[in-house]
Amino acid sequence: MTVLVVLGIILMAVLGAPLFSIFGAAALFGFHSSDINTSSVIIQMTQLISAPALVAIPLFTFAGYMMAESKTPERLVAVSQALVGWMPGGLALVTLFACAFFTAFTGASGVTIIALGGLLYPILKKRGYSESFSLGIVTCCGSLGLLFPPSLPIILYGVIAQVDVDKLFIAGILPGLLLVTLLGIYSIVAGSKSSGRVKFNAKQALRAVRAAIWELPLPLIVLVGVYGGFTTASEAAAVCAFYVFIVQVFIYRDLKLTTDVPRVMKESMILVGGILIIVAVALGFTNFVIDQEVPMKIFAITKQYITSQAMFLVVLNIFLLIVGCLIDIFSAIIVVVPIIIPIATGYHVDPVHLGIIFLTNLELGYLTPPFGLNLFLSSYRFKRPIARVFMDTLPFLLILIFALLIITYVPALSLTLLEKLK
């Protein structure tokens with residue numbers, strides 16, 4: 001009977017059943033087979049509402065979707081180009097900065113590639129950048145801002161791992177800047193060979209800044225609120241969502257109150273609803289896994305072969321890169337984090353540092369063949385063979401892997417700001 005049920009659950013997954021139904025079936029069967037009342041699954045689901053950072057997820061998602069549906073991408077590109085377009089590799093830096101900003105607020109690499117990548121790719125080629133470099137950078141930048149607040153994966157990790165989201169926001173800043181800096185150096189070197197530089201024009205720069213004057217303070221609203229101790233992540237999300245709503249509907253008037261806003265609300269909440277129902281059901285399954293001491297058994301096995309923290313981190317990075325290219329970031333957080341946390345604790349890895357390592361790996365997973373999501377999105381969006389997209393993205397991926405090693409083995413990069421703000 002057990003074999004038949006397990007095969008049935010596997011068949012559900014193969015046939016494309018919704019992820020929450022697979023988790024639910026596994027949790028119900030697990031508790032039933034252990035002679036535990038299956039109402040435990042429902043009890044665990046209701047615990048989700050007690051997560052203090054939960055409300056931040058729909059609010060930041062709504063704000064990000066409003067920005068994606070407005071003319072925010074065009075204004076961000078115009079500001080970045082006016083301010084740094086005169087530098088060697090200036091337009092490439094524009095791509096890095098604009099995509100990092102946009103992804104941090106939307107939390108979705110696919111939106112960034114389609115919205116900003118589609119806008120910047122032809123401009124890069126027109127300014128003299130090679131097709132290979134242009135395709136590589138817009139593909140790479142799709143997930144670049146996931147370590148910056150108010151990134152949705154950071155919030156979700158905090159909820160699942162029961163780690164303070166405010167601490168994760170702070171911890172992600174320096175590692176995120178490291179990724180942008182290393183890619184920026186490479187872009188400047190590569191850009192010096194192109195004809196993409198434009199002469200700095202103070203009037204044009206001022207005009208671009210004025211056009212985006214209401215959107216540029218958005219990161220400060222979140223950062224100052226959270227780091228200054230004025231707001232929690234949830235309160236910052238409420239302020240951010242209300243601010244974006246007022247700016248896009250009543251100041252810029254990019255969105256119409258009666259038609260666009262209800263549509264954006266519906267689309268953004270469908271995404272949030274999908275995430276939350278998976279999280280709720282997965283908590284029941286996670287509780288069964290922990291009840292059966294699965295993480296501890298895995299730790300006992302790994303301890304026989306992995307004797308040091310450094311060796312564990314190597315294996316963890318390889319494992320997470322594989323996970324990141326096979327499943328989406330939200331599912332990976334929900335499935336893997338509850339199992340990894342106890343094992344990493346056994347090797348004395350700080351849970352906040354672990355979160356940054358985890359998210360960086362999944363960010364790179366979007367670019368890792370053979371199933372990296374961004375490779376397929378870019379191939380579809382720009383009508384290029386998947387092998388070509390991978391080869392063009394490879395230099396950027398190698399740079400990001402180098403940054404991942406620094407983030408992994410220099411925990412101070414993630415924890416220094418936390419210690420200074422205590």
# chains A, B, ... in the order shown; residues from 1 in each chain; ligands from 1
call {"tool": "residues_around", "arguments": {"residues": "region 158-161 of chain A", "least_positions_apart": "2", "cutoff": "12 Å", "atoms": "only C-alpha atoms", "output": "number ranges by chain"}}
result
A: 47-57, 151-156, 163-169, 233-234, 275-276, 278-280, 282-284, 286-287, 330-342, 344-345, 350-356, 358-359
call {"tool": "residues_around", "arguments": {"residues": "Ser143 (chain A)", "least_positions_apart": "3", "cutoff": "12 Å", "atoms": "only C-alpha atoms", "output": "number ranges by chain"}}
result
A: 96-113, 116-117, 137-140, 146-148, 151-153, 176, 179-180, 324, 328-329, 359-367, 372-375, 377, 397, 400
call {"tool": "residues_around", "arguments": {"residues": "region 293-302 of chain A", "least_positions_apart": "3", "cutoff": "7 Å", "atoms": "only C-alpha atoms", "output": "MDAnalysis selection string"}}
result
chainID A and resid 289:290 305:306 339 342:343
call {"tool": "closest_residue", "arguments": {"among": "A:Val261, A:Ile170, A:Val6, A:Met391", "to": "Gly228 (chain A)", "atoms": "only C-alpha atoms"}}
result
A:Ile170
call {"tool": "residues_around", "arguments": {"residues": "region 406-422 of chain A", "least_positions_apart": "3", "cutoff": "6 Å", "atoms": "only C-alpha atoms", "output": "PyMOL selection string"}}
result
chain A and resi 171+353+357+403
call {"tool": "residues_around", "arguments": {"residues": "region 25-34 of chain A", "least_positions_apart": "6", "cutoff": "7 Å", "atoms": "only C-alpha atoms", "output": "PyMOL selection string"}}
result
chain A and resi 41+284-285+288
call {"tool": "write_last_selection", "arguments": {"atoms": "N, CA and C atoms", "output": "mmCIF file, in the first residue's frame"}}
result
data_model
loop_
_atom_site.group_PDB
_atom_site.id
_atom_site.type_symbol
_atom_site.label_atom_id
_atom_site.label_comp_id
_atom_site.auth_asym_id
_atom_site.auth_seq_id
_atom_site.Cartn_x
_atom_site.Cartn_y
_atom_site.Cartn_z
ATOM 1 N N VAL A 41 -1.896 18.539 9.824
ATOM 2 C CA VAL A 41 -1.585 19.296 8.606
ATOM 3 C C VAL A 41 -2.305 20.634 8.625
ATOM 4 N N GLY A 284 2.873 21.767 6.673
ATOM 5 C CA GLY A 284 2.426 20.487 7.200
ATOM 6 C C GLY A 284 3.397 19.379 6.857
ATOM 7 N N PHE A 285 3.843 19.356 5.607
ATOM 8 C CA PHE A 285 4.808 18.339 5.188
ATOM 9 C C PHE A 285 6.135 18.507 5.933
ATOM 10 N N PHE A 288 6.023 17.084 9.352
ATOM 11 C CA PHE A 288 6.169 15.622 9.347
ATOM 12 C C PHE A 288 7.630 15.225 9.191
#
call {"tool": "closest_residue", "arguments": {"among": "A:Leu119, A:Ile246, A:Ile185, A:Leu313", "to": "Arg75 (chain A)", "atoms": "only C-alpha atoms"}}
result
A:Leu119
call {"tool": "select_by_dssp", "arguments": {"residues": "region 86-208 of chain A", "states": "helix (DSSP H, G or I)", "output": "ChimeraX atom specification"}}
result
/A:90-106,109-126,131-143,152-161,165-171,173-191,202-208
call {"tool": "residues_around", "arguments": {"residues": "Gln81 (chain A)", "least_positions_apart": "3", "cutoff": "8 Å", "atoms": "only C-alpha atoms", "output": "list in words"}}
result
Val77, Ala78, Val84, Gly85, Trp86, Gly90, Leu91 and Val94 of chain A
call {"tool": "atom_distance", "arguments": {"atom1": "CA of Tyr252 (chain A)", "atom2": "CA of Glu215 (chain A)"}}
result
10.1 Å
call {"tool": "closest_residue", "arguments": {"among": "A:Val315, A:Val244, A:Ala212, A:Val3", "to": "Ala82 (chain A)", "atoms": "only C-alpha atoms"}}
result
A:Ala212
call {"tool": "residues_around", "arguments": {"residues": "Ile123 (chain A)", "least_positions_apart": "5", "cutoff": "10 Å", "atoms": "only C-alpha atoms", "output": "ChimeraX atom specification"}}
result
/A:91,117-118,128-129,134,196
call {"tool": "closest_residue", "arguments": {"among": "A:Ala205, A:Ala63, A:Ile10, A:Leu405", "to": "Gln248 (chain A)", "atoms": "only C-alpha atoms"}}
result
A:Ala63
call {"tool": "atom_distance", "arguments": {"atom1": "CA of Gly89 (chain A)", "atom2": "CA of Ser187 (chain A)"}}
result
5.6 Å
